[in-house]
file run-v8.txt (compact mmCIF, C-alpha atoms)
# COMPACT_ATOMS: atom_id res chain seq x y z
CA MET U 6 0.00 0.00 0.00
CA LYS U 7 1.26 3.45 -0.93
CA LYS U 8 1.90 6.11 1.68
CA VAL U 9 1.32 9.85 1.61
CA LEU U 10 3.06 11.95 4.23
CA ILE U 11 1.43 15.33 4.86
CA ALA U 12 3.55 17.97 6.57
CA ILE U 13 1.45 20.05 8.95
CA GLU U 14 2.63 23.47 9.99
CA GLY U 15 -0.36 24.96 11.73
CA GLY U 16 -0.43 28.02 9.45
CA PRO U 17 -3.35 29.43 7.47
CA LEU U 18 -2.65 26.98 4.65
CA THR U 19 -2.90 23.86 6.80
CA GLU U 20 -6.41 22.84 5.81
CA THR U 21 -5.76 23.31 2.10
CA VAL U 22 -2.60 21.23 2.37
CA VAL U 23 -4.42 18.48 4.27
CA GLN U 24 -7.29 18.52 1.77
CA HIS U 25 -4.92 18.06 -1.16
CA GLY U 26 -2.99 15.39 0.68
CA ILE U 27 -6.15 13.45 1.48
CA ASN U 28 -7.40 13.78 -2.09
CA LEU U 29 -4.13 12.36 -3.37
CA ALA U 30 -4.19 9.55 -0.80
CA HIS U 31 -7.77 8.63 -1.73
CA LEU U 32 -6.99 8.65 -5.45
CA ILE U 33 -4.11 6.23 -5.11
CA GLU U 34 -5.64 4.37 -2.15
CA ALA U 35 -2.74 5.29 0.09
CA GLU U 36 -2.22 5.40 3.82
CA ILE U 37 -2.06 8.87 5.34
CA GLY U 38 0.69 10.11 7.61
CA LEU U 39 0.69 13.49 9.32
CA VAL U 40 3.96 14.99 10.46
CA TYR U 41 4.30 18.07 12.65
CA VAL U 42 7.83 19.27 13.25
CA VAL U 43 8.56 21.30 16.37
CA ASP U 44 11.47 23.49 15.43
CA ALA U 45 12.83 25.41 18.39
CA THR U 46 15.67 26.91 16.39
CA GLY U 47 15.95 30.58 17.15
CA PHE U 48 13.53 30.38 20.07
CA MET U 49 14.07 33.20 22.55
CA GLY U 50 12.91 32.57 26.11
CA GLU U 51 10.82 35.33 27.57
CA GLY U 52 10.25 35.74 31.30
CA GLY U 53 9.76 32.28 32.75
CA TYR U 54 8.83 30.75 29.39
CA THR U 55 11.66 28.41 28.54
CA ILE U 56 12.49 26.40 25.47
CA GLN U 57 11.18 23.30 27.28
CA ASN U 58 7.85 25.08 27.79
CA TYR U 59 7.82 25.97 24.12
CA ILE U 60 8.50 22.42 23.00
CA GLN U 61 5.92 21.02 25.41
CA ASP U 62 3.27 23.50 24.29
CA SER U 63 4.05 22.81 20.64
CA HIS U 64 3.59 19.09 21.18
CA THR U 65 0.21 19.72 22.81
CA GLU U 66 -0.71 22.03 19.95
CA ALA U 67 0.30 19.37 17.43
CA LYS U 68 -1.80 16.68 19.13
CA GLU U 69 -4.83 18.97 19.23
CA LEU U 70 -4.34 19.90 15.61
CA PHE U 71 -4.11 16.23 14.59
CA ALA U 72 -7.33 15.44 16.46
CA LYS U 73 -9.08 18.43 14.93
CA LEU U 74 -7.96 17.58 11.37
CA LYS U 75 -8.90 13.95 11.80
CA SER U 76 -12.47 14.75 12.77
CA GLU U 77 -12.79 17.68 10.37
CA PHE U 78 -11.71 15.66 7.36
CA ASP U 79 -13.23 12.43 8.59
CA ILE U 80 -10.01 10.49 8.17
CA ARG U 81 -10.35 6.95 9.44
CA GLN U 82 -6.75 6.19 10.17
CA THR U 83 -3.59 8.23 10.15
CA TRP U 84 -0.06 7.76 11.26
CA ASN U 85 0.86 10.71 13.45
CA PHE U 86 4.39 11.93 13.85
CA ILE U 87 5.49 14.75 16.11
CA GLU U 88 9.19 15.36 15.66
CA ASP U 89 11.70 17.79 17.11
CA GLY U 90 14.29 19.32 14.84
CA LYS U 91 14.82 21.33 11.71
CA LEU U 92 11.65 21.49 9.63
CA ALA U 93 12.69 20.27 6.18
CA ALA U 94 15.28 17.79 7.42
CA LYS U 95 12.83 16.20 9.85
CA ILE U 96 10.09 15.97 7.23
CA ILE U 97 12.51 14.12 4.95
CA GLU U 98 13.75 11.91 7.79
CA THR U 99 10.19 10.95 8.70
CA ALA U 100 9.37 10.23 5.06
CA ILE U 101 12.37 7.92 4.77
CA GLU U 102 11.71 6.09 8.05
CA TRP U 103 8.01 5.66 7.35
CA LYS U 104 8.83 4.71 3.73
CA ALA U 105 6.52 7.33 2.26
CA ASP U 106 5.85 7.43 -1.49
CA TYR U 107 4.79 11.06 -1.58
CA ILE U 108 5.24 14.16 0.55
CA VAL U 109 2.66 16.95 0.65
CA VAL U 110 3.79 20.32 1.91
CA GLY U 111 2.56 23.93 1.86
CA THR U 112 4.64 26.95 0.92
CA HIS U 113 3.64 29.21 3.78
CA GLY U 114 4.76 28.13 7.19
CA ARG U 115 5.52 29.80 10.43
CA THR U 116 9.17 30.24 9.72
CA GLY U 117 9.07 34.04 9.67
CA VAL U 118 12.44 35.67 9.28
CA SER U 119 14.24 32.42 8.57
CA HIS U 120 11.94 32.00 5.56
CA LEU U 121 13.37 35.16 4.05
CA LEU U 122 16.90 34.24 4.93
CA MET U 123 16.94 30.61 3.96
CA GLY U 124 14.17 30.06 1.44
CA SER U 125 10.96 28.25 2.18
CA VAL U 126 10.62 24.90 3.87
CA ALA U 127 9.05 23.59 0.67
CA GLU U 128 12.15 24.49 -1.32
CA HIS U 129 14.34 22.63 1.13
CA VAL U 130 12.07 19.61 1.07
CA ILE U 131 12.14 19.54 -2.74
CA ARG U 132 15.91 19.79 -2.76
CA LEU U 133 16.37 17.01 -0.21
CA SER U 134 13.63 14.63 -1.33
CA ASN U 135 14.07 11.41 -3.26
CA ILE U 136 10.31 10.98 -3.69
CA PRO U 137 7.78 13.25 -5.43
CA VAL U 138 6.64 16.28 -3.46
CA LEU U 139 3.22 17.87 -3.92
CA VAL U 140 3.60 21.54 -3.07
CA ILE U 141 0.48 23.52 -2.20
CA THR U 142 0.66 27.25 -2.69
CA PRO U 143 -1.80 29.87 -1.43
CA GLU U 144 -4.54 30.53 -4.00
CA HIS U 145 -3.96 34.25 -4.03
CA LYS U 146 -0.56 35.83 -3.72
CA MET S 14 -12.37 17.49 -16.87
CA LYS S 15 -9.22 18.16 -14.92
CA LYS S 16 -5.96 18.96 -16.64
CA VAL S 17 -2.40 18.16 -15.68
CA LEU S 18 0.50 20.13 -17.15
CA VAL S 19 3.66 18.05 -17.43
CA ALA S 20 6.67 20.28 -18.07
CA LEU S 21 9.63 18.35 -19.47
CA ASP S 22 13.22 19.19 -20.22
CA ASN S 23 16.02 17.31 -21.95
CA HIS S 24 17.29 15.69 -18.79
CA SER S 25 18.18 12.06 -19.46
CA ASN S 26 15.71 11.04 -16.74
CA TYR S 27 12.80 13.04 -18.15
CA ASN S 28 10.82 9.77 -18.22
CA LEU S 29 10.62 9.88 -14.41
CA VAL S 30 8.70 13.13 -14.72
CA SER S 31 6.49 12.02 -17.61
CA GLY S 32 5.90 8.69 -15.87
CA LYS S 33 4.85 10.18 -12.55
CA GLY S 34 2.88 12.87 -14.36
CA SER S 35 0.83 10.41 -16.37
CA GLU S 36 0.32 8.24 -13.29
CA LEU S 37 -1.09 11.24 -11.46
CA ALA S 38 -3.25 12.23 -14.42
CA ARG S 39 -4.68 8.73 -14.58
CA ALA S 40 -5.47 8.80 -10.85
CA LEU S 41 -7.18 12.16 -11.30
CA ALA S 42 -8.92 11.02 -14.49
CA ALA S 43 -7.37 14.15 -15.96
CA SER S 44 -6.16 15.00 -19.43
CA ILE S 45 -2.49 15.71 -20.03
CA VAL S 46 -0.78 18.76 -21.49
CA LEU S 47 2.86 18.09 -22.35
CA LEU S 48 5.19 21.08 -22.50
CA HIS S 49 8.77 21.46 -23.61
CA VAL S 50 10.56 24.78 -23.49
CA PHE S 51 13.63 25.50 -25.58
CA PRO S 52 16.00 28.38 -24.94
CA ASP S 53 15.57 31.80 -26.42
CA THR S 54 17.56 31.81 -29.63
CA ILE S 55 17.93 35.52 -30.18
CA THR S 56 18.67 37.22 -26.90
CA THR S 57 21.35 36.02 -24.56
CA SER S 58 19.68 34.27 -21.70
CA PRO S 59 21.45 32.18 -19.10
CA ASN S 60 19.53 29.18 -20.43
CA ALA S 61 21.26 29.58 -23.75
CA PHE S 62 24.51 28.56 -22.13
CA SER S 63 23.29 25.49 -20.32
CA GLY S 64 24.51 22.07 -21.34
CA LEU S 65 22.52 21.21 -24.42
CA TYR S 66 23.03 24.33 -26.50
CA PRO S 67 26.55 25.40 -25.67
CA MET S 68 27.10 27.36 -28.84
CA MET S 69 24.10 29.60 -28.51
CA GLY S 70 24.36 33.12 -27.31
CA ILE S 71 24.45 36.25 -29.33
CA ILE S 72 23.52 35.49 -32.92
CA ASP S 73 21.77 37.45 -35.61
CA ILE S 74 18.00 37.51 -35.87
CA GLU S 75 17.62 35.58 -39.09
CA GLN S 76 19.84 32.83 -37.80
CA GLY S 77 17.97 32.95 -34.52
CA LEU S 78 14.59 32.48 -36.16
CA LYS S 79 15.84 29.59 -38.23
CA LEU S 80 17.30 27.97 -35.16
CA ALA S 81 14.07 28.55 -33.24
CA GLU S 82 12.13 26.81 -35.98
CA GLN S 83 14.49 23.89 -35.84
CA LEU S 84 14.35 23.68 -32.04
CA ASP S 85 10.57 23.89 -32.14
CA LYS S 86 10.51 20.92 -34.49
CA GLU S 87 12.83 18.98 -32.21
CA SER S 88 10.68 19.84 -29.19
CA LYS S 89 7.55 18.61 -30.97
CA ARG S 90 9.27 15.41 -32.01
CA PHE S 91 10.41 14.88 -28.42
CA LEU S 92 6.93 15.46 -27.06
CA ASN S 93 5.36 13.12 -29.61
CA GLN S 94 7.82 10.49 -28.51
CA VAL S 95 6.80 11.07 -24.87
CA LYS S 96 3.16 10.85 -25.91
CA ASP S 97 3.86 7.38 -27.30
CA GLU S 98 5.85 6.38 -24.24
CA ILE S 99 3.09 7.28 -21.81
CA ASN S 100 0.57 5.77 -24.21
CA ASP S 101 -1.80 8.72 -24.18
CA LYS S 102 -3.18 9.59 -27.61
CA GLU S 103 -5.26 12.42 -26.20
CA ALA S 104 -2.32 14.30 -24.69
CA GLU S 105 -1.96 17.88 -25.93
CA ILE S 106 1.44 19.13 -26.97
CA TYR S 107 2.86 22.59 -26.39
CA THR S 108 6.28 24.01 -27.08
CA GLY S 109 7.63 27.33 -25.92
CA GLU S 110 10.68 29.50 -26.21
CA GLY S 111 12.55 31.49 -23.61
CA ASP S 112 12.40 31.61 -19.85
CA ILE S 113 11.33 28.14 -18.74
CA ALA S 114 9.49 29.18 -15.58
CA ASN S 115 7.61 31.94 -17.39
CA VAL S 116 6.53 29.66 -20.21
CA ILE S 117 5.38 27.00 -17.73
CA LEU S 118 3.30 29.58 -15.82
CA GLU S 119 1.85 31.06 -19.03
CA THR S 120 0.96 27.66 -20.46
CA ALA S 121 -0.63 26.65 -17.15
CA ALA S 122 -2.79 29.78 -17.25
CA ASN S 123 -3.68 29.51 -20.95
CA CYS S 124 -4.58 25.84 -20.76
CA LYS S 125 -6.36 26.32 -17.42
CA VAL S 126 -4.64 23.34 -15.85
CA ASP S 127 -5.32 22.17 -12.30
CA ILE S 128 -1.83 21.05 -11.38
CA ILE S 129 1.72 21.41 -12.68
CA VAL S 130 4.12 18.45 -12.75
CA MET S 131 7.81 19.12 -13.17
CA GLY S 132 11.23 17.79 -12.22
CA SER S 133 13.33 19.08 -9.37
CA HIS S 134 16.33 19.29 -11.69
CA SER S 135 18.84 18.54 -9.00
CA ARG S 136 21.70 18.31 -11.39
CA SER S 137 25.29 18.92 -10.67
CA GLY S 138 27.41 21.91 -11.41
CA ILE S 139 26.13 24.97 -13.21
CA ASP S 140 22.91 23.29 -14.35
CA LYS S 141 21.93 22.78 -10.74
CA ILE S 142 22.07 26.49 -10.18
CA LEU S 143 20.24 27.34 -13.40
CA MET S 144 17.65 24.59 -13.41
CA GLY S 145 17.03 24.50 -9.68
CA ASN S 146 15.83 28.02 -10.15
CA VAL S 147 13.07 26.89 -12.49
CA ALA S 148 11.19 24.94 -9.83
CA LYS S 149 11.89 27.75 -7.38
CA GLN S 150 10.58 30.41 -9.78
CA VAL S 151 7.45 28.45 -10.60
CA LEU S 152 6.90 27.84 -6.90
CA LYS S 153 7.21 31.53 -6.19
CA HIS S 154 4.68 32.68 -8.76
CA SER S 155 2.22 29.82 -9.12
CA HIS S 156 -1.08 29.62 -7.31
CA LEU S 157 -1.56 26.04 -8.51
CA PRO S 158 -0.45 22.90 -6.72
CA LEU S 159 2.94 21.74 -7.98
CA PHE S 160 3.96 18.13 -8.17
CA ILE S 161 7.73 18.01 -8.08
CA VAL S 162 9.40 14.78 -9.16
CA PRO S 163 12.98 14.28 -8.00
CA VAL S 164 15.31 14.06 -10.97
CA LYS S 165 18.90 13.38 -10.10
call {"tool": "encode", "arguments": {"input": "run-v8.txt", "output": "structure tokens"}}
result
Amino acid sequence: MKKVLIAIEGGPLTETVVQHGINLAHLIEAEIGLVYVVDATGFMGEGGYTIQNYIQDSHTEAKELFAKLKSEFDIRQTWNFIEDGKLAAKIIETAIEWKADYIVVGTHGRTGVSHLLMGSVAEHVIRLSNIPVLVITPEHK
Amino acid sequence: MKKVLVALDNHSNYNLVSGKGSELARALAASIVLLHVFPDTITTSPNAFSGLYPMMGIIDIEQGLKLAEQLDKESKRFLNQVKDEINDKEAEIYTGEGDIANVILETAANCKVDIIVMGSHSRSGIDKILMGNVAKQVLKHSHLPLFIVPVK
């Protein structure tokens, strides 16, 4: 059975990305994997809010988002991955370990300044990937 | 009916892109538009210096037009060959000249396609810099989903 790994970033494009990913998975009768990467690179602690707090909160956020997407899109079964590390590299790593056939990713994430400095996560994923990548862009730019 | 644009170049592994593209089109029950872009023959564009057409650069207009005609013929022949390979008699064929990303985006708009399939062009050396930019440029300006097939 084929496998489609959908990278979730929690941005405004999330639902569009998931919709396209699910459509693709249904078309080719594939299993669906959701991956949420918690990237604490460049995190600046503020007051008592530490990097551990940030990572913990992000994991909670990811779990809630997975649950929400699962019910919203009525997905029967998904493989859920919450990974810590660099966004693109972790997406690729997860795809390799899970033996995905396709990756689905959006172009607008939460990467802020690093997006401008280093190019988008999608670009990195494309460059690193050995399997086809479906890139979802915002409808209106 | 949905439409899939499959943009091809002369990479020796182009069949990975056409293969994955036609697979996707079949899954979508979509029709296929095959596109091949050849370099601008009159102006000096960076594409003109990439691997396949090393001698092209600044040339006179008449020569340029003749060359363009010839390249267009070659592109069409290539695409007809791909059409046979993917076994799709209904596939439409388009050729274009000039900036690859621009032509891909224009063709996608003109043909009203639903998705663009192209290679990642992760080649080595100078081509990697030039061709890698194509996917990047299309990504930057497209509002359509892009299906990028790794070509190495």
call {"tool": "interface_residues", "arguments": {"input": "run-v8.txt", "of": "chain S", "to": "chain U", "cutoff": "12 Å", "atoms": "only C-alpha atoms", "output": "ChimeraX atom specification"}}
result
/S:29-30,32-34,36-43,127-136,141-142,144-165
call {"tool": "write_last_selection", "arguments": {"input": "run-v8.txt", "atoms": "C-alpha atoms", "output": "short mmCIF file (atom, residue, chain, number, x, y, z; two decimals), keeping the file's coordinate frame"}}
result
data_model
loop_
_atom_site.label_atom_id
_atom_site.label_comp_id
_atom_site.auth_asym_id
_atom_site.auth_seq_id
_atom_site.Cartn_x
_atom_site.Cartn_y
_atom_site.Cartn_z
CA LEU S 29 10.62 9.88 -14.41
CA VAL S 30 8.70 13.13 -14.72
CA GLY S 32 5.90 8.69 -15.87
CA LYS S 33 4.85 10.18 -12.55
CA GLY S 34 2.88 12.87 -14.36
CA GLU S 36 0.32 8.24 -13.29
CA LEU S 37 -1.09 11.24 -11.46
CA ALA S 38 -3.25 12.23 -14.42
CA ARG S 39 -4.68 8.73 -14.58
CA ALA S 40 -5.47 8.80 -10.85
CA LEU S 41 -7.18 12.16 -11.30
CA ALA S 42 -8.92 11.02 -14.49
CA ALA S 43 -7.37 14.15 -15.96
CA ASP S 127 -5.32 22.17 -12.30
CA ILE S 128 -1.83 21.05 -11.38
CA ILE S 129 1.72 21.41 -12.68
CA VAL S 130 4.12 18.45 -12.75
CA MET S 131 7.81 19.12 -13.17
CA GLY S 132 11.23 17.79 -12.22
CA SER S 133 13.33 19.08 -9.37
CA HIS S 134 16.33 19.29 -11.69
CA SER S 135 18.84 18.54 -9.00
CA ARG S 136 21.70 18.31 -11.39
CA LYS S 141 21.93 22.78 -10.74
CA ILE S 142 22.07 26.49 -10.18
CA MET S 144 17.65 24.59 -13.41
CA GLY S 145 17.03 24.50 -9.68
CA ASN S 146 15.83 28.02 -10.15
CA VAL S 147 13.07 26.89 -12.49
CA ALA S 148 11.19 24.94 -9.83
CA LYS S 149 11.89 27.75 -7.38
CA GLN S 150 10.58 30.41 -9.78
CA VAL S 151 7.45 28.45 -10.60
CA LEU S 152 6.90 27.84 -6.90
CA LYS S 153 7.21 31.53 -6.19
CA HIS S 154 4.68 32.68 -8.76
CA SER S 155 2.22 29.82 -9.12
CA HIS S 156 -1.08 29.62 -7.31
CA LEU S 157 -1.56 26.04 -8.51
CA PRO S 158 -0.45 22.90 -6.72
CA LEU S 159 2.94 21.74 -7.98
CA PHE S 160 3.96 18.13 -8.17
CA ILE S 161 7.73 18.01 -8.08
CA VAL S 162 9.40 14.78 -9.16
CA PRO S 163 12.98 14.28 -8.00
CA VAL S 164 15.31 14.06 -10.97
CA LYS S 165 18.90 13.38 -10.10
#
call {"tool": "atom_distance", "arguments": {"input": "run-v8.txt", "atom1": "CA of Thr83 in chain U", "atom2": "CA of Gly38 in chain U"}}
result
5.3 Å
call {"tool": "closest_residue", "arguments": {"input": "run-v8.txt", "among": "U:Asp106, U:Asp89, U:Glu69, U:Asp44", "to": "Lys8 in chain U", "atoms": "all atoms listed in the file"}}
result
U:Asp106
call {"tool": "closest_residue", "arguments": {"input": "run-v8.txt", "among": "S:Leu18, S:Ala104, S:Ala122, S:Ile99", "to": "Ser35 in chain S", "atoms": "all atoms listed in the file"}}
result
S:Ile99
call {"tool": "residues_near_point", "arguments": {"input": "run-v8.txt", "point": "(-12.2, 14.1, 7.8)", "cutoff": "12 Å", "atoms": "all atoms listed in the file", "output": "ChimeraX atom specification"}}
result
/U:20,23-24,26-28,31,37,71-83
call {"tool": "closest_residue", "arguments": {"input": "run-v8.txt", "among": "S:Lys96, S:Lys102, S:Thr54, S:Val17", "to": "Lys79 in chain S", "atoms": "all atoms listed in the file"}}
result
S:Thr54
call {"tool": "atom_distance", "arguments": {"input": "run-v8.txt", "atom1": "CA of Ile13 in chain U", "atom2": "CA of Phe86 in chain U"}}
result
9.9 Å
call {"tool": "atom_distance", "arguments": {"input": "run-v8.txt", "atom1": "CA of Gln94 in chain S", "atom2": "CA of Asp112 in chain S"}}
result
23.3 Å
call {"tool": "closest_residue", "arguments": {"input": "run-v8.txt", "among": "S:Asn26, S:Asn93, S:Ser31, S:Gln76", "to": "Tyr107 in chain S", "atoms": "only C-alpha atoms"}}
result
S:Asn93
call {"tool": "closest_residue", "arguments": {"input": "run-v8.txt", "among": "S:Leu21, S:Cys124, S:Ile74, S:Val50", "to": "Lys86 in chain S", "atoms": "only C-alpha atoms"}}
result
S:Val50
call {"tool": "closest_residue", "arguments": {"input": "run-v8.txt", "among": "S:Ile106, S:Ala114, S:Leu47, S:Val126", "to": "Lys16 in chain S", "atoms": "all atoms listed in the file"}}
result
S:Val126
call {"tool": "axis_aligned_box", "arguments": {"input": "run-v8.txt", "around": "range 118-129 of chain S", "padding_each_side": "4 Å", "output": "lines of an AutoDock Vina configuration file"}}
result
center_x = -1.5
center_y = 26.1
center_z = -16.2
size_x = 17.7
size_y = 18.0
size_z = 17.6
call {"tool": "residues_near_point", "arguments": {"input": "run-v8.txt", "point": "(0.1, 17.2, 9.4)", "cutoff": "6 Å", "atoms": "all atoms listed in the file", "output": "PyMOL selection string"}}
result
chain U and resi 11-13+39-41
call {"tool": "decode", "arguments": {"input": "run-v8.txt", "residues": "range 22-32 of chain S", "atoms": "all heavy atoms", "output": "short mmCIF file (atom, residue, chain, number, x, y, z; two decimals), in the first residue's frame"}}
result
data_model
loop_
_atom_site.label_atom_id
_atom_site.label_comp_id
_atom_site.auth_asym_id
_atom_site.auth_seq_id
_atom_site.Cartn_x
_atom_site.Cartn_y
_atom_site.Cartn_z
N ASP S 22 12.01 18.64 -19.61
CA ASP S 22 13.22 19.19 -20.22
C ASP S 22 14.03 18.04 -20.81
O ASP S 22 13.56 16.91 -20.86
CB ASP S 22 14.04 20.01 -19.20
CG ASP S 22 14.61 19.11 -18.11
OD1 ASP S 22 14.41 17.88 -18.19
OD2 ASP S 22 15.24 19.65 -17.19
N ASN S 23 15.24 18.34 -21.25
CA ASN S 23 16.02 17.31 -21.95
C ASN S 23 16.84 16.44 -21.02
O ASN S 23 17.74 15.75 -21.47
CB ASN S 23 16.96 17.98 -22.95
CG ASN S 23 16.19 18.77 -23.96
OD1 ASN S 23 15.83 19.91 -23.70
ND2 ASN S 23 15.93 18.17 -25.10
N HIS S 24 16.56 16.51 -19.75
CA HIS S 24 17.29 15.69 -18.79
C HIS S 24 17.15 14.21 -19.20
O HIS S 24 16.09 13.79 -19.65
CB HIS S 24 16.73 15.91 -17.39
CG HIS S 24 17.59 15.34 -16.31
ND1 HIS S 24 17.63 13.99 -16.06
CD2 HIS S 24 18.44 15.92 -15.44
CE1 HIS S 24 18.48 13.77 -15.07
NE2 HIS S 24 18.98 14.93 -14.67
N SER S 25 18.21 13.46 -19.02
CA SER S 25 18.18 12.06 -19.46
C SER S 25 17.12 11.26 -18.69
O SER S 25 16.66 10.22 -19.15
CB SER S 25 19.55 11.42 -19.30
OG SER S 25 20.02 11.65 -17.98
N ASN S 26 16.74 11.74 -17.51
CA ASN S 26 15.71 11.04 -16.74
C ASN S 26 14.34 11.70 -16.84
O ASN S 26 13.54 11.63 -15.91
CB ASN S 26 16.13 10.94 -15.27
CG ASN S 26 17.25 9.95 -15.07
OD1 ASN S 26 17.36 8.98 -15.81
ND2 ASN S 26 18.08 10.20 -14.09
N TYR S 27 14.08 12.36 -17.96
CA TYR S 27 12.80 13.04 -18.15
C TYR S 27 11.62 12.07 -17.97
O TYR S 27 10.53 12.45 -17.58
CB TYR S 27 12.73 13.68 -19.54
CG TYR S 27 12.56 12.66 -20.64
CD1 TYR S 27 11.28 12.21 -20.99
CD2 TYR S 27 13.65 12.11 -21.30
CE1 TYR S 27 11.12 11.24 -21.96
CE2 TYR S 27 13.49 11.14 -22.26
CZ TYR S 27 12.23 10.71 -22.60
OH TYR S 27 12.05 9.75 -23.53
N ASN S 28 11.90 10.77 -18.29
CA ASN S 28 10.82 9.77 -18.22
C ASN S 28 10.30 9.56 -16.80
O ASN S 28 9.18 9.10 -16.62
CB ASN S 28 11.26 8.45 -18.85
CG ASN S 28 12.51 7.90 -18.21
OD1 ASN S 28 13.40 8.67 -17.85
ND2 ASN S 28 12.58 6.61 -18.03
N LEU S 29 11.11 9.93 -15.79
CA LEU S 29 10.62 9.88 -14.41
C LEU S 29 9.49 10.88 -14.24
O LEU S 29 8.48 10.62 -13.60
CB LEU S 29 11.75 10.21 -13.42
CG LEU S 29 12.92 9.24 -13.35
CD1 LEU S 29 13.99 9.78 -12.42
CD2 LEU S 29 12.43 7.88 -12.85
N VAL S 30 9.69 12.06 -14.83
CA VAL S 30 8.70 13.13 -14.72
C VAL S 30 7.45 12.80 -15.54
O VAL S 30 6.32 12.90 -15.03
CB VAL S 30 9.29 14.49 -15.17
CG1 VAL S 30 8.26 15.60 -15.02
CG2 VAL S 30 10.55 14.82 -14.37
N SER S 31 7.65 12.35 -16.78
CA SER S 31 6.49 12.02 -17.61
C SER S 31 5.75 10.82 -17.04
O SER S 31 4.51 10.75 -17.07
CB SER S 31 6.91 11.77 -19.06
OG SER S 31 7.90 10.77 -19.13
N GLY S 32 6.50 9.87 -16.47
CA GLY S 32 5.90 8.69 -15.87
C GLY S 32 5.03 9.03 -14.68
O GLY S 32 3.86 8.65 -14.61
#
